[in-house]
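Shown next: protein24.cif, given as mmCIF, C-alpha atoms and all ligand atoms.
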data_work
loop_
_atom_site.group_PDB
_atom_site.id
_atom_site.type_symbol
_atom_site.label_atom_id
_atom_site.label_comp_id
_atom_site.auth_asym_id
_atom_site.auth_seq_id
_atom_site.Cartn_x
_atom_site.Cartn_y
_atom_site.Cartn_z
ATOM 1 C CA MET A 15 -22.304 -76.293 -2.538
ATOM 2 C CA GLN A 16 -21.898 -74.870 -6.020
ATOM 3 C CA HIS A 17 -24.797 -72.431 -6.399
ATOM 4 C CA ASP A 18 -28.021 -71.186 -4.812
ATOM 5 C CA GLU A 19 -31.023 -73.472 -5.190
ATOM 6 C CA LEU A 20 -34.598 -73.748 -4.002
ATOM 7 C CA TRP A 21 -36.146 -77.143 -3.386
ATOM 8 C CA ILE A 22 -39.835 -77.885 -2.841
ATOM 9 C CA GLY A 23 -41.043 -81.133 -1.308
ATOM 10 C CA THR A 24 -43.314 -83.022 1.021
ATOM 11 C CA MET A 25 -42.864 -85.114 4.139
ATOM 12 C CA LEU A 26 -44.893 -87.117 6.664
ATOM 13 C CA GLU A 27 -46.416 -89.103 3.770
ATOM 14 C CA GLY A 28 -47.686 -86.000 2.006
ATOM 15 C CA LYS A 29 -49.172 -84.407 5.123
ATOM 16 C CA ALA A 30 -46.753 -81.482 5.118
ATOM 17 C CA ARG A 31 -45.088 -79.380 2.413
ATOM 18 C CA TRP A 32 -41.743 -77.673 2.730
ATOM 19 C CA VAL A 33 -39.547 -75.232 0.808
ATOM 20 C CA ALA A 34 -35.796 -75.055 1.420
ATOM 21 C CA VAL A 35 -33.522 -72.483 -0.181
ATOM 22 C CA ARG A 36 -29.819 -71.676 -0.136
ATOM 23 C CA THR A 37 -29.199 -67.957 -0.778
ATOM 24 C CA THR A 38 -25.544 -67.496 0.221
ATOM 25 C CA ASP A 39 -24.454 -66.143 -3.195
ATOM 26 C CA THR A 40 -27.673 -64.130 -3.667
ATOM 27 C CA VAL A 41 -27.244 -62.297 -0.355
ATOM 28 C CA GLU A 42 -23.507 -61.788 -0.899
ATOM 29 C CA GLU A 43 -24.277 -60.157 -4.255
ATOM 30 C CA ALA A 44 -26.826 -57.833 -2.607
ATOM 31 C CA ARG A 45 -24.262 -56.938 0.089
ATOM 32 C CA ARG A 46 -21.588 -56.191 -2.495
ATOM 33 C CA ARG A 47 -23.880 -54.144 -4.758
ATOM 34 C CA HIS A 48 -25.280 -51.991 -1.949
ATOM 35 C CA GLY A 49 -22.132 -51.845 0.226
ATOM 36 C CA MET A 50 -24.228 -52.845 3.247
ATOM 37 C CA SER A 51 -23.199 -53.121 6.902
ATOM 38 C CA PRO A 52 -23.486 -56.589 8.520
ATOM 39 C CA VAL A 53 -26.850 -55.928 10.185
ATOM 40 C CA ALA A 54 -28.297 -54.396 7.003
ATOM 41 C CA THR A 55 -27.033 -57.442 5.071
ATOM 42 C CA ALA A 56 -28.690 -59.803 7.560
ATOM 43 C CA ALA A 57 -32.010 -57.928 7.418
ATOM 44 C CA LEU A 58 -32.167 -57.684 3.624
ATOM 45 C CA GLY A 59 -30.791 -61.222 3.248
ATOM 46 C CA ARG A 60 -33.489 -62.668 5.481
ATOM 47 C CA LEU A 61 -36.212 -60.718 3.664
ATOM 48 C CA MET A 62 -34.907 -61.704 0.192
ATOM 49 C CA THR A 63 -34.735 -65.350 1.313
ATOM 50 C CA GLY A 64 -38.312 -65.239 2.678
ATOM 51 C CA THR A 65 -39.440 -63.527 -0.535
ATOM 52 C CA LEU A 66 -37.965 -66.341 -2.661
ATOM 53 C CA ILE A 67 -39.813 -68.882 -0.486
ATOM 54 C CA LEU A 68 -43.164 -67.080 -0.877
ATOM 55 C CA ALA A 69 -42.503 -66.497 -4.608
ATOM 56 C CA SER A 70 -41.960 -70.232 -5.145
ATOM 57 C CA SER A 71 -45.734 -70.796 -5.270
ATOM 58 C CA LEU A 72 -46.295 -68.098 -7.948
ATOM 59 C CA LYS A 73 -46.888 -68.832 -11.634
ATOM 60 C CA GLY A 74 -45.673 -67.361 -14.941
ATOM 61 C CA GLU A 75 -45.156 -63.619 -14.786
ATOM 62 C CA GLU A 76 -46.461 -63.193 -11.230
ATOM 63 C CA SER A 77 -44.287 -61.430 -8.655
ATOM 64 C CA ILE A 78 -44.381 -60.620 -4.958
ATOM 65 C CA THR A 79 -43.070 -57.559 -3.109
ATOM 66 C CA LEU A 80 -42.399 -57.589 0.638
ATOM 67 C CA ARG A 81 -41.915 -54.285 2.446
ATOM 68 C CA LEU A 82 -40.882 -54.026 6.093
ATOM 69 C CA LEU A 83 -41.999 -50.566 7.147
ATOM 70 C CA GLY A 84 -40.414 -50.574 10.606
ATOM 71 C CA ASP A 85 -39.420 -47.721 12.897
ATOM 72 C CA GLY A 86 -35.806 -48.961 13.283
ATOM 73 C CA PRO A 87 -32.722 -47.201 11.825
ATOM 74 C CA LEU A 88 -32.826 -49.191 8.541
ATOM 75 C CA GLU A 89 -35.963 -47.126 7.713
ATOM 76 C CA GLY A 90 -37.481 -49.804 5.506
ATOM 77 C CA VAL A 91 -36.435 -53.034 3.804
ATOM 78 C CA VAL A 92 -37.869 -54.062 0.419
ATOM 79 C CA ALA A 93 -37.549 -57.249 -1.637
ATOM 80 C CA VAL A 94 -39.213 -58.374 -4.877
ATOM 81 C CA GLY A 95 -39.245 -61.969 -6.085
ATOM 82 C CA ASN A 96 -40.805 -63.859 -8.968
ATOM 83 C CA ALA A 97 -41.705 -67.367 -10.059
ATOM 84 C CA GLN A 98 -38.414 -67.695 -11.982
ATOM 85 C CA GLY A 99 -36.419 -67.643 -8.740
ATOM 86 C CA GLU A 100 -35.162 -64.084 -9.263
ATOM 87 C CA VAL A 101 -34.997 -61.670 -6.348
ATOM 88 C CA ARG A 102 -33.830 -58.084 -5.819
ATOM 89 C CA GLY A 103 -34.051 -55.658 -2.931
ATOM 90 C CA TYR A 104 -32.627 -52.846 -0.852
ATOM 91 C CA VAL A 105 -32.633 -51.236 2.574
ATOM 92 C CA GLN A 106 -33.207 -47.505 2.910
ATOM 93 C CA GLU A 107 -30.130 -46.957 5.144
ATOM 94 C CA PRO A 108 -27.462 -49.523 4.168
ATOM 95 C CA LEU A 109 -24.707 -48.331 6.549
ATOM 96 C CA VAL A 110 -26.534 -48.815 9.877
ATOM 97 C CA GLU A 111 -24.398 -50.420 12.594
ATOM 98 C CA LEU A 112 -25.754 -51.661 15.939
ATOM 99 C CA PRO A 113 -24.134 -53.466 18.888
ATOM 100 C CA LEU A 114 -24.466 -57.266 18.756
ATOM 101 C CA LYS A 115 -27.105 -58.932 20.919
ATOM 102 C CA GLU A 116 -26.011 -60.701 24.119
ATOM 103 C CA SER A 117 -26.106 -63.973 22.181
ATOM 104 C CA GLY A 118 -23.444 -62.527 19.838
ATOM 105 C CA LYS A 119 -25.952 -62.352 16.959
ATOM 106 C CA LEU A 120 -26.666 -59.368 14.726
ATOM 107 C CA ASP A 121 -29.569 -57.359 16.137
ATOM 108 C CA VAL A 122 -31.879 -57.495 13.108
ATOM 109 C CA GLY A 123 -35.005 -56.912 15.239
ATOM 110 C CA SER A 124 -33.734 -53.548 16.521
ATOM 111 C CA ALA A 125 -32.417 -52.526 13.097
ATOM 112 C CA VAL A 126 -35.799 -53.195 11.444
ATOM 113 C CA GLY A 127 -37.951 -52.073 14.379
ATOM 114 C CA LEU A 128 -41.698 -52.498 14.569
ATOM 115 C CA GLY A 129 -44.363 -51.304 12.172
ATOM 116 C CA GLU A 130 -46.194 -52.834 9.231
ATOM 117 C CA LEU A 131 -45.319 -55.665 6.862
ATOM 118 C CA ALA A 132 -46.866 -55.061 3.431
ATOM 119 C CA VAL A 133 -47.096 -57.951 0.994
ATOM 120 C CA SER A 134 -48.122 -57.142 -2.603
ATOM 121 C CA ARG A 135 -48.844 -59.839 -5.157
ATOM 122 C CA SER A 136 -48.795 -58.833 -8.844
ATOM 123 C CA LEU A 137 -50.892 -61.256 -10.870
ATOM 124 C CA GLN A 138 -50.516 -62.210 -14.545
ATOM 125 C CA ASN A 139 -53.356 -59.836 -15.547
ATOM 126 C CA GLY A 140 -51.528 -56.889 -13.957
ATOM 127 C CA GLU A 141 -53.758 -56.692 -10.868
ATOM 128 C CA VAL A 142 -51.944 -56.065 -7.579
ATOM 129 C CA TYR A 143 -53.251 -57.212 -4.201
ATOM 130 C CA THR A 144 -51.657 -55.813 -1.049
ATOM 131 C CA GLY A 145 -52.083 -57.179 2.467
ATOM 132 C CA MET A 146 -50.755 -55.383 5.546
ATOM 133 C CA VAL A 147 -50.107 -56.900 8.960
ATOM 134 C CA PRO A 148 -48.378 -55.502 12.024
ATOM 135 C CA MET A 149 -44.861 -56.860 12.559
ATOM 136 C CA VAL A 150 -44.386 -58.990 15.668
ATOM 137 C CA SER A 151 -40.618 -58.726 16.235
ATOM 138 C CA GLY A 152 -38.758 -57.298 13.230
ATOM 139 C CA GLU A 153 -36.733 -60.539 13.173
ATOM 140 C CA ILE A 154 -38.506 -61.264 9.833
ATOM 141 C CA ALA A 155 -39.159 -65.052 9.960
ATOM 142 C CA GLU A 156 -41.643 -64.535 12.806
ATOM 143 C CA ASP A 157 -43.188 -61.618 10.946
ATOM 144 C CA LEU A 158 -43.700 -63.692 7.795
ATOM 145 C CA VAL A 159 -45.180 -66.598 9.781
ATOM 146 C CA HIS A 160 -47.598 -64.145 11.414
ATOM 147 C CA TYR A 161 -48.528 -62.781 7.971
ATOM 148 C CA LEU A 162 -49.168 -66.269 6.554
ATOM 149 C CA LEU A 163 -51.377 -67.157 9.523
ATOM 150 C CA THR A 164 -53.420 -63.954 9.747
ATOM 151 C CA SER A 165 -53.710 -63.044 6.037
ATOM 152 C CA GLU A 166 -53.712 -66.446 4.388
ATOM 153 C CA GLN A 167 -54.846 -68.682 7.295
ATOM 154 C CA ILE A 168 -51.863 -70.990 6.719
ATOM 155 C CA PRO A 169 -50.031 -72.173 9.858
ATOM 156 C CA SER A 170 -46.294 -72.426 9.150
ATOM 157 C CA ALA A 171 -42.884 -72.644 10.704
ATOM 158 C CA MET A 172 -40.075 -70.691 9.040
ATOM 159 C CA LEU A 173 -36.335 -70.382 9.553
ATOM 160 C CA LEU A 174 -34.363 -67.580 7.890
ATOM 161 C CA GLY A 175 -30.668 -66.990 8.537
ATOM 162 C CA VAL A 176 -27.725 -64.987 7.221
ATOM 163 C CA ARG A 177 -24.196 -65.392 8.605
ATOM 164 C CA VAL A 178 -21.822 -62.485 8.014
ATOM 165 C CA GLU A 179 -18.086 -63.036 8.534
ATOM 166 C CA LYS A 180 -15.753 -60.540 10.243
ATOM 167 C CA ASP A 181 -14.555 -59.276 6.850
ATOM 168 C CA CYS A 182 -18.259 -58.548 6.109
ATOM 169 C CA HIS A 183 -18.790 -61.168 3.400
ATOM 170 C CA VAL A 184 -21.719 -63.593 3.618
ATOM 171 C CA ASP A 185 -20.662 -67.199 4.149
ATOM 172 C CA GLY A 186 -24.062 -68.774 4.782
ATOM 173 C CA ALA A 187 -27.650 -67.770 4.009
ATOM 174 C CA ALA A 188 -30.693 -69.995 3.785
ATOM 175 C CA GLY A 189 -34.367 -70.392 4.536
ATOM 176 C CA PHE A 190 -36.808 -73.162 5.313
ATOM 177 C CA LEU A 191 -40.615 -73.143 5.410
ATOM 178 C CA ILE A 192 -42.815 -76.014 6.495
ATOM 179 C CA GLN A 193 -46.616 -76.136 6.460
ATOM 180 C CA PRO A 194 -48.938 -78.939 7.576
ATOM 181 C CA LEU A 195 -51.450 -79.984 4.900
ATOM 182 C CA PRO A 196 -55.000 -81.304 5.408
ATOM 183 C CA GLY A 197 -54.773 -84.692 7.134
ATOM 184 C CA ALA A 198 -51.810 -83.769 9.318
ATOM 185 C CA THR A 199 -52.391 -84.903 12.892
ATOM 186 C CA GLU A 200 -51.337 -83.273 16.139
ATOM 187 C CA GLY A 201 -48.629 -85.952 16.320
ATOM 188 C CA ASP A 202 -47.293 -85.008 12.857
ATOM 189 C CA ILE A 203 -47.050 -81.352 13.851
ATOM 190 C CA GLN A 204 -45.313 -82.314 17.104
ATOM 191 C CA ALA A 205 -42.791 -84.419 15.186
ATOM 192 C CA ILE A 206 -41.866 -81.393 13.036
ATOM 193 C CA GLU A 207 -41.786 -79.020 16.004
ATOM 194 C CA SER A 208 -39.598 -81.294 18.068
ATOM 195 C CA GLN A 209 -37.173 -81.840 15.162
ATOM 196 C CA LEU A 210 -36.814 -78.091 14.462
ATOM 197 C CA GLY A 211 -36.719 -77.388 18.221
ATOM 198 C CA GLN A 212 -33.667 -79.575 18.718
ATOM 199 C CA LEU A 213 -31.484 -77.817 16.134
ATOM 200 C CA ARG A 214 -28.416 -76.645 18.027
ATOM 201 C CA VAL A 215 -27.330 -73.985 15.521
ATOM 202 C CA GLY A 216 -29.082 -71.610 13.146
ATOM 203 C CA ILE A 217 -29.877 -72.413 9.524
ATOM 204 C CA SER A 218 -27.121 -70.071 8.257
ATOM 205 C CA GLU A 219 -24.594 -72.182 10.181
ATOM 206 C CA LEU A 220 -26.107 -75.397 8.797
ATOM 207 C CA VAL A 221 -25.946 -74.205 5.188
ATOM 208 C CA ALA A 222 -22.353 -73.029 5.638
ATOM 209 C CA GLN A 223 -21.462 -76.549 6.845
ATOM 210 C CA SER A 224 -23.388 -78.356 4.052
ATOM 211 C CA GLN A 225 -21.871 -79.468 0.751
ATOM 212 C CA SER A 226 -25.283 -79.993 -0.895
ATOM 213 C CA MET A 227 -29.005 -79.323 -0.481
ATOM 214 C CA ASP A 228 -29.464 -82.964 0.546
ATOM 215 C CA GLU A 229 -27.025 -82.429 3.361
ATOM 216 C CA LEU A 230 -28.799 -79.230 4.455
ATOM 217 C CA LEU A 231 -32.150 -81.074 4.512
ATOM 218 C CA ASP A 232 -30.607 -83.936 6.474
ATOM 219 C CA HIS A 233 -29.341 -81.429 9.036
ATOM 220 C CA LEU A 234 -32.777 -79.768 9.222
ATOM 221 C CA LEU A 235 -35.003 -82.832 9.212
ATOM 222 C CA GLY A 236 -32.832 -85.394 10.993
ATOM 223 C CA GLN A 237 -34.411 -88.834 10.772
ATOM 224 C CA LEU A 238 -37.734 -87.621 9.343
ATOM 225 C CA PRO A 239 -38.066 -88.920 5.763
ATOM 226 C CA TYR A 240 -38.816 -86.379 3.027
ATOM 227 C CA HIS A 241 -39.610 -86.357 -0.677
ATOM 228 C CA VAL A 242 -38.304 -83.788 -3.201
ATOM 229 C CA LEU A 243 -40.808 -82.617 -5.843
ATOM 230 C CA GLU A 244 -38.893 -79.818 -7.561
ATOM 231 C CA ARG A 245 -35.466 -78.178 -7.736
ATOM 232 C CA ARG A 246 -34.839 -74.665 -9.114
ATOM 233 C CA LYS A 247 -31.932 -72.261 -9.358
ATOM 234 C CA VAL A 248 -32.338 -68.907 -7.630
ATOM 235 C CA GLY A 249 -30.314 -65.713 -7.682
ATOM 236 C CA PHE A 250 -30.092 -61.944 -7.467
ATOM 237 C CA SER A 251 -31.510 -60.362 -10.603
ATOM 238 C CA CYS A 252 -32.837 -56.886 -11.342
ATOM 239 C CA THR A 253 -35.254 -55.743 -14.042
ATOM 240 C CA CYS A 254 -33.671 -52.327 -14.602
ATOM 241 C CA SER A 255 -32.181 -51.197 -17.913
ATOM 242 C CA LYS A 256 -31.112 -47.942 -19.569
ATOM 243 C CA ALA A 257 -34.379 -47.952 -21.541
ATOM 244 C CA ARG A 258 -36.443 -48.140 -18.329
ATOM 245 C CA LEU A 259 -34.516 -45.301 -16.715
ATOM 246 C CA THR A 260 -34.968 -43.282 -19.912
ATOM 247 C CA ASP A 261 -38.726 -43.571 -19.329
ATOM 248 C CA THR A 262 -38.173 -42.270 -15.799
ATOM 249 C CA LEU A 263 -36.239 -39.286 -17.178
ATOM 250 C CA VAL A 264 -39.046 -38.538 -19.643
ATOM 251 C CA SER A 265 -41.522 -38.562 -16.760
ATOM 252 C CA LEU A 266 -39.470 -35.895 -14.915
ATOM 253 C CA GLY A 267 -40.849 -33.257 -17.243
ATOM 254 C CA LYS A 268 -39.251 -30.631 -19.458
ATOM 255 C CA LYS A 269 -38.005 -28.253 -16.803
ATOM 256 C CA GLU A 270 -36.031 -30.929 -14.922
ATOM 257 C CA LEU A 271 -34.674 -32.265 -18.215
ATOM 258 C CA ALA A 272 -33.583 -28.801 -19.314
ATOM 259 C CA ASP A 273 -31.679 -28.477 -16.013
ATOM 260 C CA LEU A 274 -29.949 -31.808 -16.632
ATOM 261 C CA ILE A 275 -29.033 -30.766 -20.175
ATOM 262 C CA SER A 276 -27.456 -27.569 -18.867
ATOM 263 C CA ASP A 277 -25.493 -29.723 -16.373
ATOM 264 C CA GLY A 278 -24.177 -31.575 -19.441
ATOM 265 C CA LYS A 279 -24.886 -35.070 -18.073
ATOM 266 C CA ALA A 280 -27.083 -37.090 -15.741
ATOM 267 C CA GLU A 281 -26.547 -40.163 -13.667
ATOM 268 C CA MET A 282 -29.390 -42.415 -12.574
ATOM 269 C CA VAL A 283 -29.065 -45.138 -9.956
ATOM 270 C CA CYS A 284 -31.378 -48.143 -9.633
ATOM 271 C CA HIS A 285 -32.567 -48.478 -6.005
ATOM 272 C CA PHE A 286 -32.909 -52.219 -6.261
ATOM 273 C CA CYS A 287 -29.450 -53.164 -7.525
ATOM 274 C CA ASN A 288 -27.407 -49.944 -7.232
ATOM 275 C CA GLU A 289 -26.496 -50.079 -10.932
ATOM 276 C CA HIS A 290 -25.420 -46.636 -12.231
ATOM 277 C CA TYR A 291 -26.566 -45.413 -15.649
ATOM 278 C CA SER A 292 -25.042 -42.286 -17.200
ATOM 279 C CA PHE A 293 -26.630 -40.154 -19.874
ATOM 280 C CA ASN A 294 -24.570 -37.696 -21.916
ATOM 281 C CA VAL A 295 -25.874 -34.418 -23.279
ATOM 282 C CA GLU A 296 -26.826 -35.870 -26.690
ATOM 283 C CA GLU A 297 -28.875 -38.611 -25.036
ATOM 284 C CA LEU A 298 -30.567 -36.084 -22.767
ATOM 285 C CA GLN A 299 -31.349 -33.916 -25.797
ATOM 286 C CA GLN A 300 -33.032 -36.896 -27.487
ATOM 287 C CA ILE A 301 -35.011 -37.664 -24.329
ATOM 288 C CA TRP A 302 -36.093 -34.004 -24.148
ATOM 289 C CA GLU A 303 -37.358 -34.238 -27.741
ATOM 290 C CA ARG A 304 -39.268 -37.416 -26.877
ATOM 291 C CA GLY A 305 -40.836 -35.606 -23.928
ATOM 292 C CA MET A 306 -42.122 -32.925 -26.343
ATOM 293 C CA VAL A 307 -44.242 -35.458 -28.275
HETATM 294 ZN ZN ZN B 401 -31.639 -52.500 -10.975
#
Write out the structure in this file as structure tokens.
Ligand SMILES: [Zn+2]
Amino acid sequence: MQHDELWIGTMLEGKARWVAVRTTDTVEEARRRHGMSPVATAALGRLMTGTLILASSLKGEESITLRLLGDGPLEGVVAVGNAQGEVRGYVQEPLVELPLKESGKLDVGSAVGLGELAVSRSLQNGEVYTGMVPMVSGEIAEDLVHYLLTSEQIPSAMLLGVRVEKDCHVDGAAGFLIQPLPGATEGDIQAIESQLGQLRVGISELVAQSQSMDELLDHLLGQLPYHVLERRKVGFSCTCSKARLTDTLVSLGKKELADLISDGKAEMVCHFCNEHYSFNVEELQQIWERGMV
């Protein structure tokens, strides 16, 4: 497959909606930017993928922030996505390593731990609504399904997967959400459950094997017919800039700025994308003067 995409569609004659997304390149970029360990990559990759799925129903300038405030060694995982298919994020402790689970899989649940999942939606008018639910496993897909059911009363099934190779690079990342719509019968729901239940390998494996989104959907949905309504590109993208970090420096106050000026330079790092911005003494002087106004 050439690039990351998100597809939205229906199935069972319009009685269920689904969202499928390939995020292999998006998660690999996050791994590279933050220099993350495999388990940190899997945790952030799953959360960024789930964030893109939830963000796909937003409009215009709206955005959504998901925070996993677990008691595991990652000490928090954050992702922000918007309606344009852009996502960014970070883990508090990117170098965490844990033994693999007995199944040979990365132990994301132990790395994240248990605690609260906070979901904040920023609307077009600038209002922010935050919902908090307890996490159920720290494995992320289950936590998001629990959030959708308890906070939004929407029953869903979700798959999120990230496959990290021995050399640490990401060779498959993807997500899939399916929700029954009004009119879906018990039989329809069973058909979906039995199809997803018979998948032999995880979604990250399936996306790594697929040459296209069609092929991924065929792997996921087997013989069940589906209809595609929309296709979008998605990717890692941050909103930081030197101008934004200048505002942060101004907000530090005069004393801190004076200290930086006497150091002769300052370096600011964006949490979300790990981009470094340097300010020389002349720039700091100008910022100090701005702070005086
Ligand atoms: Zn940034």
Give me the residues of chain A that have any atom at most 7 Å from an atom of ligand ZN 401 (chain B); for each, the nearest atom pair and the distance in Å, rounded to one decimal. Use all atoms listed in the file, sort by chain and number, and format it as a tab-separated table.
residue	atom	partner	partner_atom	distance
A:Cys252	CA	B:ZN401	ZN	4.6
A:Thr253	CA	B:ZN401	ZN	5.7
A:Cys254	CA	B:ZN401	ZN	4.2
A:Cys284	CA	B:ZN401	ZN	4.6
A:His285	CA	B:ZN401	ZN	6.5
A:Phe286	CA	B:ZN401	ZN	4.9
A:Cys287	CA	B:ZN401	ZN	4.1
A:Asn288	CA	B:ZN401	ZN	6.2
A:Glu289	CA	B:ZN401	ZN	5.7
Just to confirm, what's the straight-line distance from CA of Met62 (chain A) to CA of Glu116 (chain A) in Å (one decimal)? 25.5 Å
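If you look at CA of Ser51 (chain A) and CA of Asp121 (chain A), they are 12.0 Å away from each other.
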Shell around Trp32 (chain A) at 9 Å using all atoms listed in the file, local window under 6 positions removed, as a PDB file with C-alpha atoms, in the frame of the given file:
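Final output, saved to result_15.pdb:
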ATOM      1  CA  TRP A  21     -36.146 -77.143  -3.386  1.00  0.00           C
ATOM      2  CA  ILE A  22     -39.835 -77.885  -2.841  1.00  0.00           C
ATOM      3  CA  GLY A  23     -41.043 -81.133  -1.308  1.00  0.00           C
ATOM      4  CA  THR A  24     -43.314 -83.022   1.021  1.00  0.00           C
ATOM      5  CA  MET A  25     -42.864 -85.114   4.139  1.00  0.00           C
ATOM      6  CA  PHE A 190     -36.808 -73.162   5.313  1.00  0.00           C
ATOM      7  CA  LEU A 191     -40.615 -73.143   5.410  1.00  0.00           C
ATOM      8  CA  ILE A 192     -42.815 -76.014   6.495  1.00  0.00           C
ATOM      9  CA  GLN A 193     -46.616 -76.136   6.460  1.00  0.00           C
ATOM     10  CA  PRO A 194     -48.938 -78.939   7.576  1.00  0.00           C
TER      11      PRO A 194
END
Name the residues captured by the PyMOL selection byres (((chain A and resi 303) around 12) and not hetatm) when it is applied to the shown file; answer as a list in words. Leu263, Val264, Gly267, Lys268, Leu271, Ala272, Ile275, Glu296, Glu297, Leu298, Gln299, Gln300, Ile301, Trp302, Arg304, Gly305, Met306 and Val307 of chain A
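Counting all atoms listed in the file, the residue from A:Glu76, A:Asp18, A:Glu207, A:Glu100 that sits nearest to Ala171 (chain A) is A:Glu207.
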Just the number, please: distance in Å from CA of Gly186 (chain A) to CA of Asp228 (chain A), one decimal. 15.8 Å
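Minimum atom-to-atom distances from A:Val242, A:Leu26, A:Glu19, A:Ser226 to Gln204 (chain A) were compared using all atoms listed in the file, and the lowest value belongs to A:Leu26.
With all atoms listed in the file taken into account, the protein and nucleic acid residues at most 12 Å from Gln225 (chain A) (excluding it and anything under 5 positions from it in its own chain) are Met15, Gln16, His17, Asp18, Arg36, Gly186, Leu220, Leu230, Leu231, Asp232 and His233 of chain A.
For the point (-39.9, -57.3, -0.8), the residues with at least one atom inside 9 Å, counting all atoms listed in the file, are Leu58, Leu61, Met62, Gly64, Thr65, Ile78, Thr79, Leu80, Arg81, Leu82, Val91, Val92, Ala93, Val94, Gly95, Val101, Arg102, Gly103, Tyr104, Ala132, Val133 and Ser134 of chain A.
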Counting only C-alpha atoms, which residues come within 10 Å of (-24.1, -54.2, 3.9), with the point read in the file's coordinates, and could you list them as a PyMOL selection string? chain A and resi 41-42+44-59+104-105+107-111+178+182-184
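Residue nearest Pro169 (chain A) within the list A:Val221, A:Ala30, A:Leu20, A:Leu128: A:Ala30 [criterion: smallest interatomic distance, only C-alpha atoms].
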Give me, as a list of chain:residue names, all polymer residues having an atom no more than 8 Å from Ala187 (chain A), counting only C-alpha atoms and skipping those fewer than 2 positions away in the same chain. A:Arg36, A:Thr37, A:Thr38, A:Val41, A:Gly59, A:Arg60, A:Thr63, A:Leu174, A:Gly175, A:Val176, A:Arg177, A:Val184, A:Asp185, A:Gly189, A:Ile217, A:Ser218, A:Val221, A:Ala222
Selection dump of the PyMOL selection byres (((chain A and resi 292-294) around 7) and not hetatm), as a PyMOL selection string: chain A and resi 278-282+290-291+295-298
Quick one: which residues end up in the PyMOL selection byres (((chain A and resi 71) around 10) and not hetatm) for this structure, as a PyMOL selection string? chain A and resi 22+33+66-70+72-73+76+96-97
Could you write out that same residue set with C-alpha atoms as a tab-separated table (two decimals), in the frame of the given file?
chain	number	residue	atom	x	y	z
A	22	ILE	CA	-39.84	-77.89	-2.84
A	33	VAL	CA	-39.55	-75.23	0.81
A	66	LEU	CA	-37.97	-66.34	-2.66
A	67	ILE	CA	-39.81	-68.88	-0.49
A	68	LEU	CA	-43.16	-67.08	-0.88
A	69	ALA	CA	-42.50	-66.50	-4.61
A	70	SER	CA	-41.96	-70.23	-5.14
A	72	LEU	CA	-46.30	-68.10	-7.95
A	73	LYS	CA	-46.89	-68.83	-11.63
A	76	GLU	CA	-46.46	-63.19	-11.23
A	96	ASN	CA	-40.80	-63.86	-8.97
A	97	ALA	CA	-41.70	-67.37	-10.06
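If only C-alpha atoms are the atoms counted, then among A:Gln106, A:Leu88, A:Val215, A:Val142 the closest residue to Leu173 (chain A) is A:Val215.
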Can you tell me which residues surround Leu83 (chain A) at a distance of at most 6 Å, considering all atoms listed in the file, apart from same-chain residues fewer than 5 positions away, and format the answer as an mmCIF file with C-alpha atoms, keeping the file's coordinate frame?
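Saved the output as selection_19.cif:
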data_model
loop_
_atom_site.group_PDB
_atom_site.id
_atom_site.type_symbol
_atom_site.label_atom_id
_atom_site.label_comp_id
_atom_site.auth_asym_id
_atom_site.auth_seq_id
_atom_site.Cartn_x
_atom_site.Cartn_y
_atom_site.Cartn_z
ATOM 1 C CA GLY A 90 -37.481 -49.804 5.506
ATOM 2 C CA GLY A 129 -44.363 -51.304 12.172
ATOM 3 C CA GLU A 130 -46.194 -52.834 9.231
#
Assuming 8 Å of padding per side, give the centre and edge lengths of the axis-aligned box around every listed atom of region 33-40 of chain A, in Å to one decimal and as JSON.
{"center_x": -32.0, "center_y": -69.7, "center_z": -1.1, "size_x": 31.1, "size_y": 27.1, "size_z": 21.1}
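Closest approach to Leu158 (chain A) among A:Met146, A:Glu141, A:Lys119, A:Tyr240: A:Met146, based on all atoms listed in the file.
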